[in-house]
Amino acid sequence: MTKYLVAGGRRLSGTVQVHGAKNSVLPILAATLLSGGECVIENCPRLSDVAASIRILEHLGCQVVHRGGTVWVDASHPLRGDVPDELMREMRSSVIFLGAILARLGEGTISYPGGCELGPRPIDLHLKALRRLGAEVEERFGTLHCRTPVLTGCEIDLSIPSVGATENAILAACGARGTTTIVNAAREPEIVDLQRFLVTLGARVRGAGSSVITVEGGRPLHGGCFRVMGDRIVAATYLSAVAAAGGEAEISGVDYRHLATVTAALQEAGCRVSSEPDRIAIRAQGRLRGLRPIRTAPYPGFPTDAQAVLMAAMCTAEGATVFVENIFENRYRHVDELARMGADIRVEGRVAVVYGVPRLHGAPLHCTDLRGGAALAVAALGAEGESTISGLEHIRRGYEDLKGDLAALGADIRQTDT
Ligand code: EPZ
């Protein structure tokens with residue numbers, strides 16, 4: 001089993017560039033199904049979730065080449081519309097392919113994407129949006145059979161600003177006749193990136209980033225070349241690592257506005273943070289200070305994906321910090337692992353109270369999920385002594401080279417195969 005070996009207690013310094021955003025490139029890869037030509041996607045991160053998406057595209061009949069940081073997708077050939085269970089299970093967010101398959105083919109079959117480490121991951125809003133557009137969806141033995149004689153533009157009101165449901169609705173609406181208006185749409189920057197990609201292909205989508213998105217569907221889409229935005233959660237991870245270990249660093253390749261709530265929290269904790277259009281500099285000196293409550297919320301609120309890594313940094317702050325996880329039911333699985341390092345955290349339902357302790361100590365740790373795993377690396381960097389981290393498959397879902405990037409910042413982190 002491969003593990004990270006982290007020797008904590010070293011201050012960090014240096015610069016690192018974050019890779020392309022996982023949560024942008026996954027819907028963009030699904031959107032290539034709508035193109036009648038070749039799509040070239042640059043700054044595409046080498047992640048296991050990206051590899052899973054490429055396997056789905058190839059199964060559907062696309063020709064895909066992934067070389068370095070660029071992916072070429074040719075979806076001009078006749079495609080099939082079924083995604084087998086083994087491919088669906090590889091990636092929680094594979095349901096994002098459904099809207100694009102329906103827009104392209106008018107029918108599709110996928111298995112019900114399971115829950116994940118974060119708790120149940122319902123897709124009722126996805127299905128409600130597709131049904132509003134005219135799709136018939138039959139759920140049978142864990143499989144969704146979807147078909148539609150024609151997709152027709154309409155108004156879709158989302159009861160929750162769901163990122164995935166917003167993306168599925170946009171992709172299906174591109175194949176619908178007439179105009180679709182998505183109300184209470186999610187406002188995440190990754191949805192703005194998806195809109196930019198679709199517009200590159202000739203689609204008429206506007207309003208992404210706001211709560212109302214309009215799609216003029218039924219237009220044939222051509223190919224195009226697009227560069228994916230930087231990953232704001234990877235940037236939040238590296239900023240939290242510097243905050244936890246102390247030191248100063250520059251994180252480039254990301255739009256600082258996309259993580260304003262994270263940098264504001266780190267400044268409140270006592271870090272010096274300065275931002276330029278595509279980079280963020282941070283300096284952490286001395287012990288952090290506890291924060292006013294951190295409540296996760298849909299964008300532009302504090303991102304749920306940054307909750308764990310910030311919590312890891314706050315474990316040794318002066319005073320207490322309250323976290324309220326409002327998005328997912330089970331997103332504190334990293335707490336037990338942090339406790340093995342000496343963290344003092346009390347969890348009551350959605351609330352976690354982190355009582356700062358002077359130091360954490362190294363320990364054998366196991367990743368529970370993608371961002372929880374990254375949080376363990378953040379905590380290990382600031383801890384006294386050595387930590388081992390297993391379960392690295394979780395980390396590979398969202399970090400192209402966590403070990404390499406942290407080492408570039410001066411961390412003593414190695415990989416062992418024991
Ligand atoms: C996306 O997941 C991201 N994944 C998640 O990132 C991120 O945590 C999440 O958005 C919130 O920002 C990708 O983009 C691939 P949601 P998604 O639909 O779309 C409920 C990571 O670490 N809901 O916005 O699945 C749902 O249960 C991952 O990179 C329904 O009830 O999130 C949750 O409580 C983890 N019914 C809330 O909405 C639905 O049909 C928000 O979920 C859909 C969602």
# chains A, B, ... in the order shown; residues from 1 in each chain; ligands from 1

call {"tool": "closest_atom_pairs", "arguments": {"of": "chain A", "to": "ligand 1", "cutoff": "8 Å", "atoms": "only C-alpha atoms and all ligand atoms", "output": "JSON lines"}}
result
{"residue": "A:Lys22", "atom": "CA", "partner": "ligand 1", "partner_atom_place_in_ligand_line": "29 (O)", "distance": 6.8}
{"residue": "A:Asn23", "atom": "CA", "partner": "ligand 1", "partner_atom_place_in_ligand_line": "14 (O)", "distance": 4.0}
{"residue": "A:Ser24", "atom": "CA", "partner": "ligand 1", "partner_atom_place_in_ligand_line": "14 (O)", "distance": 6.9}
{"residue": "A:Leu26", "atom": "CA", "partner": "ligand 1", "partner_atom_place_in_ligand_line": "15 (C)", "distance": 6.4}
{"residue": "A:Pro27", "atom": "CA", "partner": "ligand 1", "partner_atom_place_in_ligand_line": "15 (C)", "distance": 7.5}
{"residue": "A:Arg92", "atom": "CA", "partner": "ligand 1", "partner_atom_place_in_ligand_line": "15 (C)", "distance": 7.6}
{"residue": "A:Ser93", "atom": "CA", "partner": "ligand 1", "partner_atom_place_in_ligand_line": "15 (C)", "distance": 5.1}
{"residue": "A:Leu118", "atom": "CA", "partner": "ligand 1", "partner_atom_place_in_ligand_line": "35 (C)", "distance": 7.6}
{"residue": "A:Gly119", "atom": "CA", "partner": "ligand 1", "partner_atom_place_in_ligand_line": "27 (O)", "distance": 7.9}
{"residue": "A:Pro120", "atom": "CA", "partner": "ligand 1", "partner_atom_place_in_ligand_line": "27 (O)", "distance": 6.3}
{"residue": "A:Arg121", "atom": "CA", "partner": "ligand 1", "partner_atom_place_in_ligand_line": "27 (O)", "distance": 4.7}
{"residue": "A:Pro122", "atom": "CA", "partner": "ligand 1", "partner_atom_place_in_ligand_line": "36 (N)", "distance": 4.5}
{"residue": "A:Ile123", "atom": "CA", "partner": "ligand 1", "partner_atom_place_in_ligand_line": "40 (O)", "distance": 3.2}
{"residue": "A:Asp124", "atom": "CA", "partner": "ligand 1", "partner_atom_place_in_ligand_line": "40 (O)", "distance": 4.0}
{"residue": "A:Leu125", "atom": "CA", "partner": "ligand 1", "partner_atom_place_in_ligand_line": "40 (O)", "distance": 3.5}
{"residue": "A:His126", "atom": "CA", "partner": "ligand 1", "partner_atom_place_in_ligand_line": "40 (O)", "distance": 4.9}
{"residue": "A:Leu127", "atom": "CA", "partner": "ligand 1", "partner_atom_place_in_ligand_line": "40 (O)", "distance": 7.2}
{"residue": "A:Ile160", "atom": "CA", "partner": "ligand 1", "partner_atom_place_in_ligand_line": "38 (O)", "distance": 6.0}
{"residue": "A:Pro161", "atom": "CA", "partner": "ligand 1", "partner_atom_place_in_ligand_line": "24 (O)", "distance": 6.4}
{"residue": "A:Ser162", "atom": "CA", "partner": "ligand 1", "partner_atom_place_in_ligand_line": "24 (O)", "distance": 3.5}
{"residue": "A:Val163", "atom": "CA", "partner": "ligand 1", "partner_atom_place_in_ligand_line": "24 (O)", "distance": 3.8}
{"residue": "A:Gly164", "atom": "CA", "partner": "ligand 1", "partner_atom_place_in_ligand_line": "19 (O)", "distance": 3.4}
{"residue": "A:Ala165", "atom": "CA", "partner": "ligand 1", "partner_atom_place_in_ligand_line": "43 (C)", "distance": 5.9}
{"residue": "A:Ala186", "atom": "CA", "partner": "ligand 1", "partner_atom_place_in_ligand_line": "24 (O)", "distance": 7.2}
{"residue": "A:Glu188", "atom": "CA", "partner": "ligand 1", "partner_atom_place_in_ligand_line": "12 (O)", "distance": 7.4}
{"residue": "A:Glu190", "atom": "CA", "partner": "ligand 1", "partner_atom_place_in_ligand_line": "14 (O)", "distance": 7.7}
{"residue": "A:Ile233", "atom": "CA", "partner": "ligand 1", "partner_atom_place_in_ligand_line": "29 (O)", "distance": 7.8}
{"residue": "A:Pro298", "atom": "CA", "partner": "ligand 1", "partner_atom_place_in_ligand_line": "12 (O)", "distance": 6.2}
{"residue": "A:Tyr299", "atom": "CA", "partner": "ligand 1", "partner_atom_place_in_ligand_line": "12 (O)", "distance": 7.3}
{"residue": "A:Pro303", "atom": "CA", "partner": "ligand 1", "partner_atom_place_in_ligand_line": "12 (O)", "distance": 6.3}
{"residue": "A:Thr304", "atom": "CA", "partner": "ligand 1", "partner_atom_place_in_ligand_line": "8 (O)", "distance": 5.7}
{"residue": "A:Asp305", "atom": "CA", "partner": "ligand 1", "partner_atom_place_in_ligand_line": "22 (O)", "distance": 5.1}
{"residue": "A:Asn326", "atom": "CA", "partner": "ligand 1", "partner_atom_place_in_ligand_line": "34 (O)", "distance": 7.6}
{"residue": "A:Ile327", "atom": "CA", "partner": "ligand 1", "partner_atom_place_in_ligand_line": "34 (O)", "distance": 4.5}
{"residue": "A:Phe328", "atom": "CA", "partner": "ligand 1", "partner_atom_place_in_ligand_line": "34 (O)", "distance": 4.6}
{"residue": "A:Glu329", "atom": "CA", "partner": "ligand 1", "partner_atom_place_in_ligand_line": "34 (O)", "distance": 6.9}
{"residue": "A:Leu370", "atom": "CA", "partner": "ligand 1", "partner_atom_place_in_ligand_line": "22 (O)", "distance": 6.0}
{"residue": "A:Arg371", "atom": "CA", "partner": "ligand 1", "partner_atom_place_in_ligand_line": "22 (O)", "distance": 5.8}
{"residue": "A:Gly398", "atom": "CA", "partner": "ligand 1", "partner_atom_place_in_ligand_line": "29 (O)", "distance": 6.6}

call {"tool": "residues_around", "arguments": {"residues": "A:Phe226", "least_positions_apart": "2", "cutoff": "7 Å", "atoms": "only C-alpha atoms", "output": "short mmCIF file (atom, residue, chain, number, x, y, z; two decimals) with N, CA and C atoms, in the first residue's frame"}}
result
data_model
loop_
_atom_site.label_atom_id
_atom_site.label_comp_id
_atom_site.auth_asym_id
_atom_site.auth_seq_id
_atom_site.Cartn_x
_atom_site.Cartn_y
_atom_site.Cartn_z
N VAL A 40 -10.82 20.86 -27.99
CA VAL A 40 -9.48 20.81 -27.39
C VAL A 40 -9.57 21.51 -26.04
N ILE A 41 -9.30 20.75 -24.97
CA ILE A 41 -9.45 21.30 -23.62
C ILE A 41 -8.07 21.39 -22.97
N GLU A 42 -7.64 22.61 -22.73
CA GLU A 42 -6.31 22.84 -22.14
C GLU A 42 -6.41 23.04 -20.63
N PHE A 197 -17.31 27.68 -22.01
CA PHE A 197 -16.97 26.60 -22.95
C PHE A 197 -18.09 26.42 -23.98
N GLY A 224 -14.20 23.41 -30.71
CA GLY A 224 -13.55 24.62 -30.23
C GLY A 224 -12.43 24.29 -29.27
N VAL A 228 -9.29 25.55 -19.21
CA VAL A 228 -10.05 25.40 -17.96
C VAL A 228 -9.49 26.33 -16.87
#

call {"tool": "residues_around", "arguments": {"residues": "A:Arg131", "least_positions_apart": "3", "cutoff": "10 Å", "atoms": "only C-alpha atoms", "output": "list in words"}}
result
Leu125, His126, Leu127, Lys128, Gly134, Ala135, Glu136, Val137, Cys146, Arg147, Thr148, Leu151 and Ile156 of chain A

call {"tool": "residues_around", "arguments": {"residues": "A:Ile101", "least_positions_apart": "4", "cutoff": "8 Å", "atoms": "only C-alpha atoms", "output": "list in words"}}
result
Leu33, Gly81, Phe97, Leu105, Gly106, Glu107, Gly108 and Ala172 of chain A

call {"tool": "write_last_selection", "arguments": {"atoms": "N, CA and C atoms", "output": "mmCIF file, in the first residue's frame"}}
result
data_model
loop_
_atom_site.group_PDB
_atom_site.id
_atom_site.type_symbol
_atom_site.label_atom_id
_atom_site.label_comp_id
_atom_site.auth_asym_id
_atom_site.auth_seq_id
_atom_site.Cartn_x
_atom_site.Cartn_y
_atom_site.Cartn_z
ATOM 1 N N LEU A 33 -20.001 16.150 -25.622
ATOM 2 C CA LEU A 33 -20.955 15.296 -26.361
ATOM 3 C C LEU A 33 -21.875 16.130 -27.246
ATOM 4 N N GLY A 81 -25.881 5.599 -25.986
ATOM 5 C CA GLY A 81 -26.366 6.436 -24.881
ATOM 6 C C GLY A 81 -26.411 5.722 -23.545
ATOM 7 N N PHE A 97 -23.426 13.358 -17.046
ATOM 8 C CA PHE A 97 -23.477 12.975 -18.466
ATOM 9 C C PHE A 97 -24.909 12.859 -18.981
ATOM 10 N N LEU A 105 -28.745 12.606 -27.999
ATOM 11 C CA LEU A 105 -29.338 11.379 -28.560
ATOM 12 C C LEU A 105 -30.839 11.255 -28.326
ATOM 13 N N GLY A 106 -31.363 11.977 -27.352
ATOM 14 C CA GLY A 106 -32.787 11.851 -27.053
ATOM 15 C C GLY A 106 -33.107 10.678 -26.151
ATOM 16 N N GLU A 107 -32.120 9.868 -25.849
ATOM 17 C CA GLU A 107 -32.375 8.797 -24.884
ATOM 18 C C GLU A 107 -31.053 8.332 -24.282
ATOM 19 N N GLY A 108 -31.168 7.812 -23.044
ATOM 20 C CA GLY A 108 -29.931 7.363 -22.383
ATOM 21 C C GLY A 108 -30.259 6.443 -21.222
ATOM 22 N N ALA A 172 -28.799 19.821 -20.984
ATOM 23 C CA ALA A 172 -30.018 19.316 -21.644
ATOM 24 C C ALA A 172 -30.710 20.454 -22.399
#

call {"tool": "select_by_dssp", "arguments": {"residues": "stretch 171-336 of chain A", "states": "alpha helix (DSSP H)", "output": "ChimeraX atom specification"}}
result
/A:171-174,189-200,232-245,260-268,307-314,334-336

call {"tool": "residues_around", "arguments": {"residues": "A:Leu12", "least_positions_apart": "4", "cutoff": "10 Å", "atoms": "only C-alpha atoms", "output": "list in words"}}
result
Ala241, Val242, Ala243, Ala244, Ala245, Gly246, Gly247, Glu248, Ala249, Arg283, Ala284, Leu381, Gly382, Leu406, Ala407, Ala408, Leu409, Gly410, Ala411 and Asp412 of chain A

call {"tool": "residues_around", "arguments": {"residues": "A:Arg350", "least_positions_apart": "3", "cutoff": "9 Å", "atoms": "only C-alpha atoms", "output": "number ranges by chain"}}
result
A: 323-326, 328-332, 347

call {"tool": "write_last_selection", "arguments": {"atoms": "all heavy atoms", "output": "PDB file, in the first residue's frame"}}
result
ATOM      1  N   PHE A 323     -17.427  25.396  13.222  1.00  0.00           N
ATOM      2  CA  PHE A 323     -17.756  25.137  11.805  1.00  0.00           C
ATOM      3  C   PHE A 323     -19.195  24.637  11.736  1.00  0.00           C
ATOM      4  O   PHE A 323     -19.613  23.812  12.579  1.00  0.00           O
ATOM      5  CB  PHE A 323     -16.821  24.073  11.209  1.00  0.00           C
ATOM      6  CG  PHE A 323     -15.414  24.555  10.966  1.00  0.00           C
ATOM      7  CD1 PHE A 323     -14.480  24.603  11.996  1.00  0.00           C
ATOM      8  CD2 PHE A 323     -15.028  24.981   9.701  1.00  0.00           C
ATOM      9  CE1 PHE A 323     -13.197  25.060  11.783  1.00  0.00           C
ATOM     10  CE2 PHE A 323     -13.727  25.430   9.459  1.00  0.00           C
ATOM     11  CZ  PHE A 323     -12.808  25.469  10.505  1.00  0.00           C
ATOM     12  N   VAL A 324     -19.940  25.120  10.767  1.00  0.00           N
ATOM     13  CA  VAL A 324     -21.291  24.610  10.515  1.00  0.00           C
ATOM     14  C   VAL A 324     -21.341  24.148   9.063  1.00  0.00           C
ATOM     15  O   VAL A 324     -21.221  24.959   8.140  1.00  0.00           O
ATOM     16  CB  VAL A 324     -22.365  25.694  10.770  1.00  0.00           C
ATOM     17  CG1 VAL A 324     -23.773  25.089  10.638  1.00  0.00           C
ATOM     18  CG2 VAL A 324     -22.187  26.323  12.155  1.00  0.00           C
ATOM     19  N   GLU A 325     -21.486  22.819   8.882  1.00  0.00           N
ATOM     20  CA  GLU A 325     -21.480  22.216   7.532  1.00  0.00           C
ATOM     21  C   GLU A 325     -22.922  22.103   7.047  1.00  0.00           C
ATOM     22  O   GLU A 325     -23.663  21.210   7.451  1.00  0.00           O
ATOM     23  CB  GLU A 325     -20.789  20.860   7.569  1.00  0.00           C
ATOM     24  CG  GLU A 325     -20.834  20.077   6.249  1.00  0.00           C
ATOM     25  CD  GLU A 325     -20.370  20.884   5.052  1.00  0.00           C
ATOM     26  OE1 GLU A 325     -19.204  21.325   5.053  1.00  0.00           O
ATOM     27  OE2 GLU A 325     -21.193  21.074   4.136  1.00  0.00           O
ATOM     28  N   ASN A 326     -23.308  23.034   6.185  1.00  0.00           N
ATOM     29  CA  ASN A 326     -24.712  23.118   5.759  1.00  0.00           C
ATOM     30  C   ASN A 326     -25.000  22.410   4.446  1.00  0.00           C
ATOM     31  O   ASN A 326     -26.151  22.342   4.018  1.00  0.00           O
ATOM     32  CB  ASN A 326     -25.111  24.603   5.606  1.00  0.00           C
ATOM     33  CG  ASN A 326     -25.123  25.316   6.947  1.00  0.00           C
ATOM     34  OD1 ASN A 326     -25.732  24.843   7.907  1.00  0.00           O
ATOM     35  ND2 ASN A 326     -24.394  26.431   7.041  1.00  0.00           N
ATOM     36  N   PHE A 328     -23.408  19.143   3.110  1.00  0.00           N
ATOM     37  CA  PHE A 328     -23.442  17.671   3.140  1.00  0.00           C
ATOM     38  C   PHE A 328     -23.639  17.159   4.560  1.00  0.00           C
ATOM     39  O   PHE A 328     -23.204  17.778   5.527  1.00  0.00           O
ATOM     40  CB  PHE A 328     -22.145  17.098   2.546  1.00  0.00           C
ATOM     41  CG  PHE A 328     -22.036  17.320   1.061  1.00  0.00           C
ATOM     42  CD1 PHE A 328     -21.109  18.208   0.546  1.00  0.00           C
ATOM     43  CD2 PHE A 328     -22.892  16.668   0.184  1.00  0.00           C
ATOM     44  CE1 PHE A 328     -21.031  18.438  -0.815  1.00  0.00           C
ATOM     45  CE2 PHE A 328     -22.812  16.887  -1.187  1.00  0.00           C
ATOM     46  CZ  PHE A 328     -21.875  17.769  -1.680  1.00  0.00           C
ATOM     47  N   GLU A 329     -24.280  15.987   4.623  1.00  0.00           N
ATOM     48  CA  GLU A 329     -24.649  15.427   5.939  1.00  0.00           C
ATOM     49  C   GLU A 329     -23.471  14.844   6.697  1.00  0.00           C
ATOM     50  O   GLU A 329     -23.475  14.766   7.907  1.00  0.00           O
ATOM     51  CB  GLU A 329     -25.668  14.295   5.733  1.00  0.00           C
ATOM     52  CG  GLU A 329     -27.058  14.783   5.401  1.00  0.00           C
ATOM     53  CD  GLU A 329     -28.009  13.595   5.221  1.00  0.00           C
ATOM     54  OE1 GLU A 329     -27.651  12.464   5.611  1.00  0.00           O
ATOM     55  OE2 GLU A 329     -29.107  13.812   4.693  1.00  0.00           O
ATOM     56  N   ASN A 330     -22.486  14.370   5.948  1.00  0.00           N
ATOM     57  CA  ASN A 330     -21.457  13.575   6.625  1.00  0.00           C
ATOM     58  C   ASN A 330     -20.072  14.047   6.198  1.00  0.00           C
ATOM     59  O   ASN A 330     -19.298  13.293   5.622  1.00  0.00           O
ATOM     60  CB  ASN A 330     -21.682  12.089   6.249  1.00  0.00           C
ATOM     61  CG  ASN A 330     -20.756  11.185   7.032  1.00  0.00           C
ATOM     62  OD1 ASN A 330     -20.311  11.554   8.125  1.00  0.00           O
ATOM     63  ND2 ASN A 330     -20.438  10.036   6.476  1.00  0.00           N
ATOM     64  N   ARG A 331     -19.772  15.288   6.471  1.00  0.00           N
ATOM     65  CA  ARG A 331     -18.517  15.835   5.980  1.00  0.00           C
ATOM     66  C   ARG A 331     -17.552  16.172   7.127  1.00  0.00           C
ATOM     67  O   ARG A 331     -16.759  17.086   7.031  1.00  0.00           O
ATOM     68  CB  ARG A 331     -18.767  17.046   5.075  1.00  0.00           C
ATOM     69  CG  ARG A 331     -17.586  17.252   4.153  1.00  0.00           C
ATOM     70  CD  ARG A 331     -17.821  18.121   2.976  1.00  0.00           C
ATOM     71  NE  ARG A 331     -16.782  17.850   1.992  1.00  0.00           N
ATOM     72  CZ  ARG A 331     -16.732  18.374   0.778  1.00  0.00           C
ATOM     73  NH1 ARG A 331     -17.651  19.229   0.402  1.00  0.00           N
ATOM     74  NH2 ARG A 331     -15.769  18.043  -0.057  1.00  0.00           N
ATOM     75  N   TYR A 332     -17.624  15.398   8.214  1.00  0.00           N
ATOM     76  CA  TYR A 332     -16.685  15.558   9.323  1.00  0.00           C
ATOM     77  C   TYR A 332     -15.899  14.280   9.582  1.00  0.00           C
ATOM     78  O   TYR A 332     -15.392  14.062  10.687  1.00  0.00           O
ATOM     79  CB  TYR A 332     -17.434  15.954  10.596  1.00  0.00           C
ATOM     80  CG  TYR A 332     -17.962  17.371  10.606  1.00  0.00           C
ATOM     81  CD1 TYR A 332     -19.246  17.639  11.083  1.00  0.00           C
ATOM     82  CD2 TYR A 332     -17.198  18.454  10.151  1.00  0.00           C
ATOM     83  CE1 TYR A 332     -19.738  18.933  11.103  1.00  0.00           C
ATOM     84  CE2 TYR A 332     -17.692  19.756  10.171  1.00  0.00           C
ATOM     85  CZ  TYR A 332     -18.959  19.994  10.635  1.00  0.00           C
ATOM     86  OH  TYR A 332     -19.452  21.273  10.660  1.00  0.00           O
ATOM     87  N   VAL A 347     -18.045  17.261  17.715  1.00  0.00           N
ATOM     88  CA  VAL A 347     -19.023  17.313  16.613  1.00  0.00           C
ATOM     89  C   VAL A 347     -20.417  17.018  17.148  1.00  0.00           C
ATOM     90  O   VAL A 347     -20.621  16.050  17.879  1.00  0.00           O
ATOM     91  CB  VAL A 347     -18.680  16.295  15.513  1.00  0.00           C
ATOM     92  CG1 VAL A 347     -19.788  16.268  14.444  1.00  0.00           C
ATOM     93  CG2 VAL A 347     -17.344  16.643  14.853  1.00  0.00           C
TER      94      VAL A 347
END

call {"tool": "closest_residue", "arguments": {"among": "A:Ala312, A:Ala269, A:Ile294, A:Leu194", "to": "A:Arg227", "atoms": "only C-alpha atoms"}}
result
A:Leu194

call {"tool": "select_by_dssp", "arguments": {"residues": "stretch 47-120 of chain A", "states": "strand (DSSP E)", "output": "PyMOL selection string"}}
result
chain A and resi 63-67+70-74+82-83+107-111

call {"tool": "atom_distance", "arguments": {"atom1": "atom CA of A:Val16", "atom2": "atom CA of A:Ile251"}}
result
5.2 Å

call {"tool": "closest_residue", "arguments": {"among": "A:Pro358, A:Ser159, A:Ala281, A:Ala176", "to": "A:Gly319", "atoms": "only C-alpha atoms"}}
result
A:Pro358

call {"tool": "residues_around", "arguments": {"residues": "A:Val322", "least_positions_apart": "6", "cutoff": "9 Å", "atoms": "only C-alpha atoms", "output": "PyMOL selection string"}}
result
chain A and resi 290-295+351-355

call {"tool": "closest_residue", "arguments": {"among": "A:Gly68, A:Thr2, A:Met91, A:Ala320", "to": "A:Ser48", "atoms": "only C-alpha atoms"}}
result
A:Met91

call {"tool": "closest_residue", "arguments": {"among": "A:Ile110, A:Val254, A:Leu98, A:Ile413", "to": "A:Asp85", "atoms": "only C-alpha atoms"}}
result
A:Ile110
